[in-house]
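Read through the structure below, which is laid out as structure tokens, and then see the notes.
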4 protein chains.
Amino acid sequence: MVQAAVVGASGYVGMELARLLVLHPQARVRFFVSRAEAGKKVAESVPALDGFCDAKFCAPEDADYSECDAVFFATPPGVAMRSAGELLAQGKTVIDLSPDFRLRSADVFAKWYCEHSAPELLPRAVYGLSESARAEIAKADLIACPGCFATAVALALLPFAARGLTDGAIVVDAKSGVSGAGRRSDRADLLFAEQHGNFKAYAISGHRHQPEMEQTLAAAGGNSELIFVPHLLPAARGIYASAYFPLKENAPHPAETLAEHWRGEPFITVRADEAPQLSQVVGGNRARIGAARLGKNGALVIAALDNLIKGAAGQAVQNMNIRFGIPETAGLAAPG
Amino acid sequence: MVQAAVVGASGYVGMELARLLVLHPQARVRFFVSRAEAGKKVAESVPALDGFCDAKFCAPEDADYSECDAVFFATPPGVAMRSAGELLAQGKTVIDLSPDFRLRSADVFAKWYCEHSAPELLPRAVYGLSESARAEIAKADLIACPGCFATAVALALLPFAARGLTDGAIVVDAKSGVSGAGRRSDRADLLFAEQHGNFKAYAISGHRHQPEMEQTLAAAGGNSELIFVPHLLPAARGIYASAYFPLKENAPHPAETLAEHWRGEPFITVRADEAPQLSQVVGGNRARIGAARLGKNGALVIAALDNLIKGAAGQAVQNMNIRFGIPETAGLAAPG
Amino acid sequence: MVQAAVVGASGYVGMELARLLVLHPQARVRFFVSRAEAGKKVAESVPALDGFCDAKFCAPEDADYSECDAVFFATPPGVAMRSAGELLAQGKTVIDLSPDFRLRSADVFAKWYCEHSAPELLPRAVYGLSESARAEIAKADLIACPGCFATAVALALLPFAARGLTDGAIVVDAKSGVSGAGRRSDRADLLFAEQHGNFKAYAISGHRHQPEMEQTLAAAGGNSELIFVPHLLPAARGIYASAYFPLKENAPHPAETLAEHWRGEPFITVRADEAPQLSQVVGGNRARIGAARLGKNGALVIAALDNLIKGAAGQAVQNMNIRFGIPETAGLAAPG
Amino acid sequence: MVQAAVVGASGYVGMELARLLVLHPQARVRFFVSRAEAGKKVAESVPALDGFCDAKFCAPEDADYSECDAVFFATPPGVAMRSAGELLAQGKTVIDLSPDFRLRSADVFAKWYCEHSAPELLPRAVYGLSESARAEIAKADLIACPGCFATAVALALLPFAARGLTDGAIVVDAKSGVSGAGRRSDRADLLFAEQHGNFKAYAISGHRHQPEMEQTLAAAGGNSELIFVPHLLPAARGIYASAYFPLKENAPHPAETLAEHWRGEPFITVRADEAPQLSQVVGGNRARIGAARLGKNGALVIAALDNLIKGAAGQAVQNMNIRFGIPETAGLAAPG
């Protein structure tokens with residue numbers, strides 16, 4: 001039984017994480033930390049937990065991690081980095097869902113977020129794309145869970161980067177449900193009345209998740225330029241990332257490459273010549289990837305997943321399972 | 001040509017009012033007042049005006065109403081009451097879309113909103129339900145436009161109140177699109193990710209629009225208890241108010257009563273034994289009312305309208321037309 | 001391990017039932033019967049089952065129920081009645097989710113649906129409102145699962161009918177998500193482009209589920225007139241039924257009555273003076289009921305549930321659990 | 001005053017066309033032809049016309065075009081081609097919104113649709129992209145209005161094709177609201193309950209509108225490969241087409257090219273480094289195009305428009321205006 005704490009438990013990702021951990025057969029949540037909702041019952045915010053959880057949110061200063069094995073951070077940028085060092089010193093495993101430890105370079109981090117307060121920890125962090133880093137995750141004490149867009153892009157493109165099969169720039173036209181922007185009250189464009197029936201691209205001059213994607217693909221050997229444009233869907237949940245790129249001559253059908261690379265993965269389904277649908281993945285930890293040849297030598301690879309689960313809380317739980325020797329699908333089997 | 005100013009032009013109602021007035025053949029908007037968006041182009045916020053309007057929002061202190069005939073307030077409670085006295089003294093017509101001048105009683109107002117700073121103006125205000133108060137509106141200099149729920153309830157029930165045809169408590173189960181709650185960033189429940197696929201009642205212990213409805217029905221002679229429960233729809237726009245009440249014996253079919261009362265009204269369509277649909281009214285200034293007999297002696301009367309148009313900005317323009325001797329449908333003919 | 005078959009497995013209710021039964025720890029589905037999709041893989045239609053189920057739909061004539069303990073019907077009216085007799089003769093338990101065996105009277109059935117082909121079986125059918133008929137369900141071989149609206153209305157009103165606490169007509173303003181109308185291609189009004197942003201009442205001259213509600217309330221001792229008007233929500237799932245009625249003098253707060261009546265029920269949550277939200281119940285087998293006093297002597301009781309689960313497939317599984325001596329929450333614990 | 005008839009008036013495009021023409025100051029609709037709805041009042045199907053139009057739909061055999069100047073076809077493929085010849089012989093102008101006359105080649109048409117029954121008319125048809133073919137449209141008697149996707153792609157890419165500025169394959173990731181699939185009851189995937197919260201690519205192995213796009217770009221001098229993948233949005237209306245392509249060295253900022261090409265166009269708005277939103281264009285005849293440089297030498301050009309208006313009925317009316325010497329914006333000014 002993993003003793004866990006969730007910091008930032010009242011945001012969308014934190015709520016989903018709370019739900020998954022409370023229902024997890026081998027985990028127990030000792031603290032649901034949220035300054036904003038301290039004192040309020042967790043089940044009020046996460047109705048799915050009504051009847052399953054009587055705990056209340058507590059303020060950060062009231063959480064005592066001494067009995068915890070793992071501390072999850074589902075916090076805005078800049079929070080986890082300030083606590084991680086002390087927790088690691090106490091022998092805790094830190095599973096960070098924020099961007100704080102995703103990038104190798106403190107300089108690149110600073111360019112997109114803020115000055116990094118714990119750059120000395122960056123080399124210690126394992127980038128927690130579960131399917132690609134099991135061995136490292138199993139031994140890590142600081143796990144940086146990938147962003148939701150970055151997870152989709154990695155699942156779609158890593159097999160091609162690793163095999164050197166791309167032959168030119170990769171265009172990723174990616175779409176996210178509105179929950180991907182967080183539970184923020186400072187952006188009118190996230191209001192129902194503005195996004196209902198709407199669709200738009202955003203951050204077309206550069207998105208802060210792009211360096212993370214480039215780092216992942218480069219580490220696998222990829223050297224093609226990546227063009228990434230995110231869009232906001234009139235849907236609550238889901239990532240739908242469509243990658244277009246030229247294939248090297250003699251490359252097999254892209255679905256073959258994907259199927260080979262992700263063979264046996266319990267949370268990845270690959271289909272040839274069939275596009276995934278968001279409705280197939282929302283609510284579960286599974287990603288669906290469809291791939292087809294397009295035009296003369298082009299490939300289309302589409303990855304769909306639930307941004308709050310496989311793209312965040314689910315992958316974090318998957319990493320906890322790997323780290324603590326629990327069966328990898330424990331607590332994640334619900335198909336959504 | 002009516003020279004107009006819109007105060008509070010960057011909220012949902014203010015934006016709709018800006019749109020209607022800019023396109024109105026006999027009105028000109030001289031000032032779009034919004035502290036929050038001062039300096040920004042109006043057409044950026046109201047894309048419908050792109051190409052039709054080059055003006056910018058201005059701060060309240062930069063607006064000069066000396067050349068204006070009418071000043072519209074699409075502001076939160078408590079704003080219009082602080083400016084109305086001075087504007088009236090300058091001979092301006094004040095058309096208030098906020099609740100400030102809707103209630104006859106400053107005490108009732110204080111109970112639901114805040115202390116009233118200009119109670120001496122309340123007797124001067126004309127309650128601007130266009131169809132019921134044309135003669136008074138035509139001579140008024142302070143017009144209090146009804147709330148969106150109150151407009152729907154009045155259109156549905158006034159004919160019965162006026163004829164003494166209700167025989168017991170009236171239940172109004174009313175639903176509103178999310179824009180009815182305003183462009184507010186302090187309420188997470190208005191976020192797309194929370195209201196998509198959701199539905200809920202709210203304010204079940206009492207809604208601040210109820211005194212306005214009771215005042216209207218009582219003024220018409222109604223003496224039945226009113227039970228009013230609002231709900232939030234997963235839709236951007238629209239009011240759908242279903243009223244259930246026992247009919248006096250020998251009362252005609254309720255659609256007959258409605259058709260008689262609203263005969264000739266350009267913006268009211270009455271149907272017997274046919275429920276309206278929101279999609280029939282969204283985008284225009286028309287209300288649709290359907291009525292049926294239910295059970296032994298019951299009536300069902302359903303009024304549907306666009307909360308931002310007939311329930312707010314459209315009715316305000318209709319009142320401006322009446323006040324300034326312009327054809328009542330001018331600028332309001334677009335069917336949505 | 002209950003050996004089961006699902007007839008009508010490709011409609012919305014059938015798909016949900018297939019999902020619940022495949023994931024149920026003590027059930028096994030031997031046949032997924034669907035003429036329309038015979039030969040197609042079940043997991044293609046029910047993506048939640050991808051990886052959990054390799055079976056294919058089969059045509060009715062290819063299903064062999066000899067090894068089955070329970071046969072579920074998630075079929076249009078008129079189908080289950082033609083097979084039930086033979087299945088009962090073979091000692092099978094028939095769990096019918098269609099309306100065929102809900103009404104005691106073949107004449108009333110004929111008025112709303114079609115001639116009943118097996119009226120002799122009606123006395124044998126147990127009306128399967130799980131919480132109210134456990135003892136009968138445990139011994140039944142023909143279980144008629146309540147309709148989704150009727151389930152919500154029964155949960156909201158049975159406690160008051162049973163105690164004689166209503167003092168006049170009951171108004172139920174009920175709303176359903178679009179899946180409640182079924183997976184039908186003969187109704188353009190169910191198309192996305194027509195219902196998005198829309199809302200409407202329907203069947204205002206009488207809904208075929210009303211006799212079922214009246215039968216249930218009368219059986220419990222209720223004698224108040226019931227006025228029921230259904231509406232279509234722009235949401236995929238959910239029933240939200242708001243009941244308004246006068247309370248007898250000295251009646252306790254309606255939430256007390258509800259809490260007392262449904263005490264200990266694992267799938268019913270009662271709240272005083274707090275309205276439920278669809279988002280709290282969609283995806284799970286739980287109903288939430290909120291109740292408040294309204295006006296002089298009025299009660300408001302709102303029941304919210306997932307139409308496809310607690311209002312259909314979930315309740316059917318709950319009944320199977322009761323019937324076969326399995327823990328009642330088995331396979332139904334997922335909170336949604 | 002143009003005397004018009006609309007054939008296929010009860011589909012989504014036909015209904016929108018009926019609305020625009022009824023409200024058009026210089027057009028009169030003499031026949032609303034719909035076999036399915038013959039005898040029913042038009043305003044029942046098109047509630048926006050309630051109060052503006054008392055006409056009924058008529059069956060094809062009951063329409064008499066002798067007094068008509070223009071006959072619009074908003075029909076499925078294969079209908080207009082069977083009537084066009086006779087109408088042209090009678091001196092009528094045929095404005096076809098179906099695909100029948102869009103392609104130069106009867107063979108290509110046959111590959112995607114059906115055998116063409118009037119190939120001799122193909123050379124006579126003018127491809128009615130209003131902004132690009134004014135002179136030809138003004139003299140045409142057979143106008144083939146572009147498809148909705150093809151309109152968006154042409155507006156986004158024609159300026160680059162015409163100037164030879166593309167330097168490699170063009171990827172178009174295009175999204176459409178559900179109404180783009182028509183008012184069809186034979187496709188369950190268009191049901192609200194299936195598309196709500198969903199998103200998916202379709203026709204990834206080839207879309208029948210692609211040859212039309214290729215024909216348009218080739219005619220302008222374009223010689224880059226076009227890769228086009230359409231997606232279905234959970235929205236009722238709108239086309240959002242994102243084009244990614246490498247720019248020739250020394251090419252100006254893509255927004256400059258667009259602004260130069262579409263200078264003065266009343267229905268086209270170009271923005272640099274700013275993505276359009278569907279909510280800015282839905283309900284009106286305006287397209288918004290945003291463009292940015294991406295990566296080393298890439299361009300992103302996004303075109304957004306209302307699929308039923310600028311992508312269908314609005315462009316058809318624009319073509320009618322051009323053809324009959326009416327101001328081009330007549331009846332189309334409403335900003336949506």
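Here's how to read the names in the structure tokens: chain A, B, ... by the order shown, residue numbers from 1 in each chain, ligand numbers from 1 in the order shown.
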Problem set entry | Interface list for chain B, partner chain A, 6 Å threshold, only C-alpha atoms, as a VMD selection string | chain B and resid 178 to 179 185 to 186 190 to 193 236
For this session: Identify, on the basis of only C-alpha atoms, every residue whose closest approach to C:Gly206 does not exceed 8 Å; exclude the query and any residue fewer than 3 positions from it along the same chain; express the result as a list of chain:residue names.
Result: C:Ala203, C:Gln210, C:Phe228, C:Val229
Output N, CA and C atoms for every residue in that selection, as a CSV table (one decimal), in the first residue's frame.
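part.csv, freshly written:
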chain,number,residue,atom,x,y,z
C,203,ALA,N,-43.8,15.9,-26.2
C,203,ALA,CA,-44.9,15.0,-25.7
C,203,ALA,C,-45.7,15.7,-24.6
C,210,GLN,N,-45.8,8.0,-18.4
C,210,GLN,CA,-46.6,8.5,-17.3
C,210,GLN,C,-47.4,7.4,-16.6
C,228,PHE,N,-46.7,15.5,-15.7
C,228,PHE,CA,-45.3,15.1,-16.1
C,228,PHE,C,-45.0,15.7,-17.5
C,229,VAL,N,-44.0,16.5,-17.6
C,229,VAL,CA,-43.6,17.0,-18.9
C,229,VAL,C,-42.1,16.8,-19.1
For this session: Pick out each residue of stretch 44-175 of chain B that DSSP on the backbone tags as alpha helix (DSSP H); I need them as a VMD selection string.
Result: chain B and resid 44 to 45 80 to 89 106 to 112 134 to 139 148 to 163
For this session: Write out as an MDAnalysis selection string which residues come within 10 Å of C:Pro123 when counting only C-alpha atoms, dropping same-chain ones fewer than 3 positions away.
Result: chainID C and resid 101 103:105 119:120 126 142
Selected residues written out with C-alpha atoms, as a PDB file, in the first residue's frame:
ATOM      1  CA  PHE C 101     -43.674  -5.962 -18.814  1.00  0.00           C
ATOM      2  CA  LEU C 103     -47.447  -2.116 -16.842  1.00  0.00           C
ATOM      3  CA  ARG C 104     -49.884  -4.363 -15.008  1.00  0.00           C
ATOM      4  CA  SER C 105     -52.570  -3.746 -17.599  1.00  0.00           C
ATOM      5  CA  PRO C 119     -50.645 -10.664 -21.406  1.00  0.00           C
ATOM      6  CA  GLU C 120     -50.678 -13.899 -19.425  1.00  0.00           C
ATOM      7  CA  VAL C 126     -41.862  -8.104 -10.978  1.00  0.00           C
ATOM      8  CA  LEU C 142     -39.323 -12.102 -15.125  1.00  0.00           C
TER       9      LEU C 142
END
Exercise. Within 6 Å of stretch 154-168 of chain B, counting only C-alpha atoms, which residues qualify if same-chain residues fewer than 4 places away don't, as a PyMOL selection string?
Worked result: chain B and resi 150+220-222+224+246-248+261+303
Can those selected residues be exported to a file as a compact mmCIF listing (two decimals), in the first residue's frame so that it contains N, CA and C atoms?
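The resulting file, again.txt, is shown below:
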# COMPACT_ATOMS: atom_id res chain seq x y z
N ALA B 150 -37.43 37.51 -15.76
CA ALA B 150 -38.67 38.23 -15.49
C ALA B 150 -39.43 38.54 -16.76
N ALA B 220 -50.56 43.57 -12.16
CA ALA B 220 -51.57 43.22 -13.15
C ALA B 220 -52.81 42.61 -12.49
N GLY B 221 -52.77 42.44 -11.19
CA GLY B 221 -53.93 41.88 -10.51
C GLY B 221 -53.75 40.44 -10.07
N GLY B 222 -52.61 39.88 -10.34
CA GLY B 222 -52.37 38.48 -9.95
C GLY B 222 -52.26 38.34 -8.45
N SER B 224 -51.79 34.89 -7.10
CA SER B 224 -51.37 33.51 -6.82
C SER B 224 -49.92 33.49 -6.34
N PRO B 246 -52.91 25.82 -11.87
CA PRO B 246 -54.31 25.43 -12.06
C PRO B 246 -55.09 26.59 -12.66
N LEU B 247 -55.92 26.27 -13.62
CA LEU B 247 -56.77 27.28 -14.28
C LEU B 247 -58.11 27.36 -13.56
N LYS B 248 -58.67 28.55 -13.49
CA LYS B 248 -60.04 28.70 -13.01
C LYS B 248 -60.97 27.87 -13.91
N HIS B 261 -54.26 38.29 -25.59
CA HIS B 261 -53.51 39.34 -24.88
C HIS B 261 -52.39 39.91 -25.74
N ALA B 303 -42.54 29.90 -22.13
CA ALA B 303 -42.02 31.03 -22.90
C ALA B 303 -40.53 30.81 -23.17
Extract, using only C-alpha atoms, all DNA, RNA and protein residues at most 10 Å from C:Ala138, discarding same-chain residues fewer than 2 positions from it, and format them as a PDB file with N, CA and C atoms, in the first residue's frame.
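Saved the output as out08.pdb:
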ATOM      1  N   VAL C 126     -42.140  -8.950 -12.149  1.00  0.00           N
ATOM      2  CA  VAL C 126     -41.862  -8.104 -10.978  1.00  0.00           C
ATOM      3  C   VAL C 126     -41.319  -6.783 -11.488  1.00  0.00           C
ATOM      4  N   SER C 130     -35.070  -1.487  -8.033  1.00  0.00           N
ATOM      5  CA  SER C 130     -34.241  -2.317  -7.148  1.00  0.00           C
ATOM      6  C   SER C 130     -34.464  -2.019  -5.676  1.00  0.00           C
ATOM      7  N   ALA C 133     -38.039  -3.280  -4.262  1.00  0.00           N
ATOM      8  CA  ALA C 133     -38.641  -4.591  -4.499  1.00  0.00           C
ATOM      9  C   ALA C 133     -37.623  -5.709  -4.380  1.00  0.00           C
ATOM     10  N   ARG C 134     -36.686  -5.539  -3.443  1.00  0.00           N
ATOM     11  CA  ARG C 134     -35.612  -6.531  -3.356  1.00  0.00           C
ATOM     12  C   ARG C 134     -36.117  -7.951  -3.154  1.00  0.00           C
ATOM     13  N   ALA C 135     -37.033  -8.129  -2.250  1.00  0.00           N
ATOM     14  CA  ALA C 135     -37.492  -9.481  -1.920  1.00  0.00           C
ATOM     15  C   ALA C 135     -38.130 -10.144  -3.137  1.00  0.00           C
ATOM     16  N   GLU C 136     -38.966  -9.385  -3.842  1.00  0.00           N
ATOM     17  CA  GLU C 136     -39.613  -9.951  -5.027  1.00  0.00           C
ATOM     18  C   GLU C 136     -38.604 -10.208  -6.138  1.00  0.00           C
ATOM     19  N   ALA C 140     -37.733 -13.543  -8.517  1.00  0.00           N
ATOM     20  CA  ALA C 140     -38.435 -13.396  -9.795  1.00  0.00           C
ATOM     21  C   ALA C 140     -37.721 -14.106 -10.929  1.00  0.00           C
ATOM     22  N   ASP C 141     -38.472 -14.528 -11.925  1.00  0.00           N
ATOM     23  CA  ASP C 141     -37.838 -14.991 -13.150  1.00  0.00           C
ATOM     24  C   ASP C 141     -38.167 -14.081 -14.330  1.00  0.00           C
ATOM     25  N   ILE C 143     -38.251 -10.003 -14.740  1.00  0.00           N
ATOM     26  CA  ILE C 143     -38.038  -8.714 -14.071  1.00  0.00           C
ATOM     27  C   ILE C 143     -38.181  -7.608 -15.106  1.00  0.00           C
ATOM     28  N   ASN C 319     -30.375  -5.535 -10.467  1.00  0.00           N
ATOM     29  CA  ASN C 319     -31.418  -6.554 -10.313  1.00  0.00           C
ATOM     30  C   ASN C 319     -30.859  -7.964 -10.519  1.00  0.00           C
ATOM     31  N   MET C 320     -29.974  -8.103 -11.475  1.00  0.00           N
ATOM     32  CA  MET C 320     -29.318  -9.404 -11.656  1.00  0.00           C
ATOM     33  C   MET C 320     -28.565  -9.800 -10.384  1.00  0.00           C
ATOM     34  N   ASN C 321     -27.833  -8.857  -9.826  1.00  0.00           N
ATOM     35  CA  ASN C 321     -27.095  -9.138  -8.591  1.00  0.00           C
ATOM     36  C   ASN C 321     -28.050  -9.621  -7.488  1.00  0.00           C
ATOM     37  N   ILE C 322     -29.164  -8.902  -7.327  1.00  0.00           N
ATOM     38  CA  ILE C 322     -30.144  -9.283  -6.305  1.00  0.00           C
ATOM     39  C   ILE C 322     -30.677 -10.683  -6.601  1.00  0.00           C
ATOM     40  N   ARG C 323     -31.028 -10.900  -7.829  1.00  0.00           N
ATOM     41  CA  ARG C 323     -31.657 -12.156  -8.224  1.00  0.00           C
ATOM     42  C   ARG C 323     -30.739 -13.366  -8.018  1.00  0.00           C
ATOM     43  N   PHE C 324     -29.455 -13.160  -8.282  1.00  0.00           N
ATOM     44  CA  PHE C 324     -28.541 -14.297  -8.236  1.00  0.00           C
ATOM     45  C   PHE C 324     -27.686 -14.323  -6.970  1.00  0.00           C
ATOM     46  N   GLY C 325     -28.064 -13.524  -5.985  1.00  0.00           N
ATOM     47  CA  GLY C 325     -27.384 -13.588  -4.702  1.00  0.00           C
ATOM     48  C   GLY C 325     -25.971 -13.046  -4.692  1.00  0.00           C
TER      49      GLY C 325
END
Problem set entry | Long-range neighbours of stretch 36-39 of chain A as a PyMOL selection string, 12 Å cut-off, only C-alpha atoms, 2 positions minimum in chain | chain A and resi 7-11+15+31-34+41-46+54-63
Mind dumping the selected residues with N, CA and C atoms as a CSV table (one decimal), in the first residue's frame?
chain,number,residue,atom,x,y,z
A,7,VAL,N,-0.6,17.2,-3.9
A,7,VAL,CA,-0.5,18.7,-3.7
A,7,VAL,C,-1.1,19.3,-4.9
A,8,GLY,N,-2.1,20.2,-4.7
A,8,GLY,CA,-2.8,20.8,-5.8
A,8,GLY,C,-4.0,20.0,-6.2
A,9,ALA,N,-4.7,19.5,-5.2
A,9,ALA,CA,-5.7,18.5,-5.4
A,9,ALA,C,-7.1,19.1,-5.9
A,10,SER,N,-7.1,20.4,-6.0
A,10,SER,CA,-8.4,20.9,-6.4
A,10,SER,C,-8.5,21.5,-7.8
A,11,GLY,N,-7.4,21.3,-8.6
A,11,GLY,CA,-7.4,21.6,-10.0
A,11,GLY,C,-8.0,20.4,-10.8
A,15,MET,N,-7.9,16.8,-9.2
A,15,MET,CA,-9.1,16.1,-8.9
A,15,MET,C,-9.1,14.7,-9.5
A,31,PHE,N,-3.0,13.0,2.4
A,31,PHE,CA,-3.3,14.4,2.3
A,31,PHE,C,-3.7,14.9,0.9
A,32,PHE,N,-4.8,15.6,0.9
A,32,PHE,CA,-5.3,16.3,-0.3
A,32,PHE,C,-5.0,17.7,-0.1
A,33,VAL,N,-3.9,18.2,-0.6
A,33,VAL,CA,-3.5,19.6,-0.3
A,33,VAL,C,-4.0,20.6,-1.3
A,34,SER,N,-4.7,21.6,-0.8
A,34,SER,CA,-5.2,22.7,-1.6
A,34,SER,C,-5.4,23.9,-0.7
A,41,LYS,N,-14.7,19.4,2.1
A,41,LYS,CA,-14.7,18.0,1.8
A,41,LYS,C,-14.2,17.7,0.4
A,42,VAL,N,-13.4,16.8,0.2
A,42,VAL,CA,-12.9,16.4,-1.2
A,42,VAL,C,-14.0,15.9,-2.0
A,43,ALA,N,-14.9,15.2,-1.5
A,43,ALA,CA,-16.0,14.6,-2.3
A,43,ALA,C,-17.0,15.7,-2.7
A,44,GLU,N,-16.9,16.9,-2.1
A,44,GLU,CA,-17.8,18.0,-2.7
A,44,GLU,C,-17.2,18.5,-4.0
A,45,SER,N,-15.9,18.5,-4.1
A,45,SER,CA,-15.3,18.9,-5.4
A,45,SER,C,-15.2,17.8,-6.4
A,46,VAL,N,-15.1,16.6,-5.9
A,46,VAL,CA,-14.9,15.5,-6.8
A,46,VAL,C,-16.1,14.5,-6.6
A,54,ASP,N,-14.0,10.4,2.8
A,54,ASP,CA,-14.6,11.4,3.7
A,54,ASP,C,-13.6,12.5,4.0
A,55,ALA,N,-12.4,12.5,3.4
A,55,ALA,CA,-11.3,13.4,3.8
A,55,ALA,C,-11.7,14.8,3.4
A,56,LYS,N,-10.9,15.7,4.0
A,56,LYS,CA,-11.0,17.1,3.6
A,56,LYS,C,-9.7,17.6,3.0
A,57,PHE,N,-9.8,18.6,2.2
A,57,PHE,CA,-8.6,19.3,1.7
A,57,PHE,C,-7.9,19.9,2.9
A,58,CYS,N,-6.5,20.0,2.8
A,58,CYS,CA,-5.8,20.7,3.9
A,58,CYS,C,-4.9,21.7,3.3
A,59,ALA,N,-4.5,22.7,4.1
A,59,ALA,CA,-3.6,23.7,3.6
A,59,ALA,C,-2.2,23.1,3.5
A,60,PRO,N,-1.3,23.7,2.7
A,60,PRO,CA,0.0,23.1,2.6
A,60,PRO,C,0.7,23.0,3.9
A,61,GLU,N,0.5,24.0,4.8
A,61,GLU,CA,1.3,24.0,6.0
A,61,GLU,C,0.7,22.9,7.0
A,62,ASP,N,-0.4,22.4,6.7
A,62,ASP,CA,-1.0,21.3,7.6
A,62,ASP,C,-0.7,19.9,7.1
A,63,ALA,N,-0.1,19.8,6.0
A,63,ALA,CA,0.2,18.5,5.5
A,63,ALA,C,1.5,18.0,6.1
For this session: Write out as a list in words which residues come within 6 Å of stretch 287-292 of chain D when counting only C-alpha atoms, dropping same-chain ones fewer than 4 positions away.
Result: Pro254, Ala255, Ile268, Thr269, Val270, Arg271, Ala272, Asp273, Glu274, Ala275, Pro276, Ala299, Leu300, Val301, Ile302, Ala303, Ala304 and Leu305 of chain D
Selection file, N, CA and C atoms, as an mmCIF file, in the first residue's frame:
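See result_20.cif below for the written result:
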data_model
loop_
_atom_site.group_PDB
_atom_site.id
_atom_site.type_symbol
_atom_site.label_atom_id
_atom_site.label_comp_id
_atom_site.auth_asym_id
_atom_site.auth_seq_id
_atom_site.Cartn_x
_atom_site.Cartn_y
_atom_site.Cartn_z
ATOM 1 N N PRO D 254 3.259 35.605 -44.905
ATOM 2 C CA PRO D 254 2.072 35.117 -45.624
ATOM 3 C C PRO D 254 0.845 36.020 -45.471
ATOM 4 N N ALA D 255 0.743 36.745 -44.376
ATOM 5 C CA ALA D 255 -0.399 37.641 -44.239
ATOM 6 C C ALA D 255 -0.333 38.790 -45.239
ATOM 7 N N ILE D 268 -13.853 39.196 -46.691
ATOM 8 C CA ILE D 268 -12.622 38.521 -46.270
ATOM 9 C C ILE D 268 -11.815 39.447 -45.366
ATOM 10 N N THR D 269 -11.495 38.956 -44.197
ATOM 11 C CA THR D 269 -10.660 39.686 -43.238
ATOM 12 C C THR D 269 -9.363 38.914 -43.068
ATOM 13 N N VAL D 270 -8.243 39.584 -43.210
ATOM 14 C CA VAL D 270 -6.937 38.935 -43.064
ATOM 15 C C VAL D 270 -6.243 39.490 -41.827
ATOM 16 N N ARG D 271 -5.665 38.611 -41.053
ATOM 17 C CA ARG D 271 -4.912 39.036 -39.874
ATOM 18 C C ARG D 271 -3.540 38.378 -39.844
ATOM 19 N N ALA D 272 -2.555 39.146 -39.473
ATOM 20 C CA ALA D 272 -1.207 38.595 -39.330
ATOM 21 C C ALA D 272 -1.011 38.098 -37.908
ATOM 22 N N ASP D 273 -0.446 36.916 -37.795
ATOM 23 C CA ASP D 273 -0.033 36.381 -36.494
ATOM 24 C C ASP D 273 -1.165 36.303 -35.485
ATOM 25 N N GLU D 274 -2.353 36.085 -35.986
ATOM 26 C CA GLU D 274 -3.516 35.980 -35.105
ATOM 27 C C GLU D 274 -4.435 34.930 -35.709
ATOM 28 N N ALA D 275 -4.752 33.906 -34.921
ATOM 29 C CA ALA D 275 -5.611 32.849 -35.443
ATOM 30 C C ALA D 275 -7.059 33.285 -35.401
ATOM 31 N N PRO D 276 -7.839 32.936 -36.416
ATOM 32 C CA PRO D 276 -9.267 33.232 -36.348
ATOM 33 C C PRO D 276 -9.946 32.285 -35.370
ATOM 34 N N ALA D 299 4.865 28.233 -43.443
ATOM 35 C CA ALA D 299 3.739 29.156 -43.302
ATOM 36 C C ALA D 299 2.567 28.392 -42.715
ATOM 37 N N LEU D 300 1.810 29.082 -41.870
ATOM 38 C CA LEU D 300 0.521 28.575 -41.401
ATOM 39 C C LEU D 300 -0.523 29.566 -41.880
ATOM 40 N N VAL D 301 -1.501 29.069 -42.602
ATOM 41 C CA VAL D 301 -2.608 29.927 -43.037
ATOM 42 C C VAL D 301 -3.898 29.244 -42.610
ATOM 43 N N ILE D 302 -4.685 29.934 -41.808
ATOM 44 C CA ILE D 302 -5.933 29.347 -41.305
ATOM 45 C C ILE D 302 -7.103 30.146 -41.840
ATOM 46 N N ALA D 303 -8.042 29.456 -42.468
ATOM 47 C CA ALA D 303 -9.261 30.121 -42.934
ATOM 48 C C ALA D 303 -10.439 29.586 -42.146
ATOM 49 N N ALA D 304 -11.265 30.498 -41.638
ATOM 50 C CA ALA D 304 -12.467 30.130 -40.904
ATOM 51 C C ALA D 304 -13.663 30.777 -41.562
ATOM 52 N N LEU D 305 -14.738 30.010 -41.687
ATOM 53 C CA LEU D 305 -15.964 30.564 -42.279
ATOM 54 C C LEU D 305 -17.140 29.719 -41.821
#
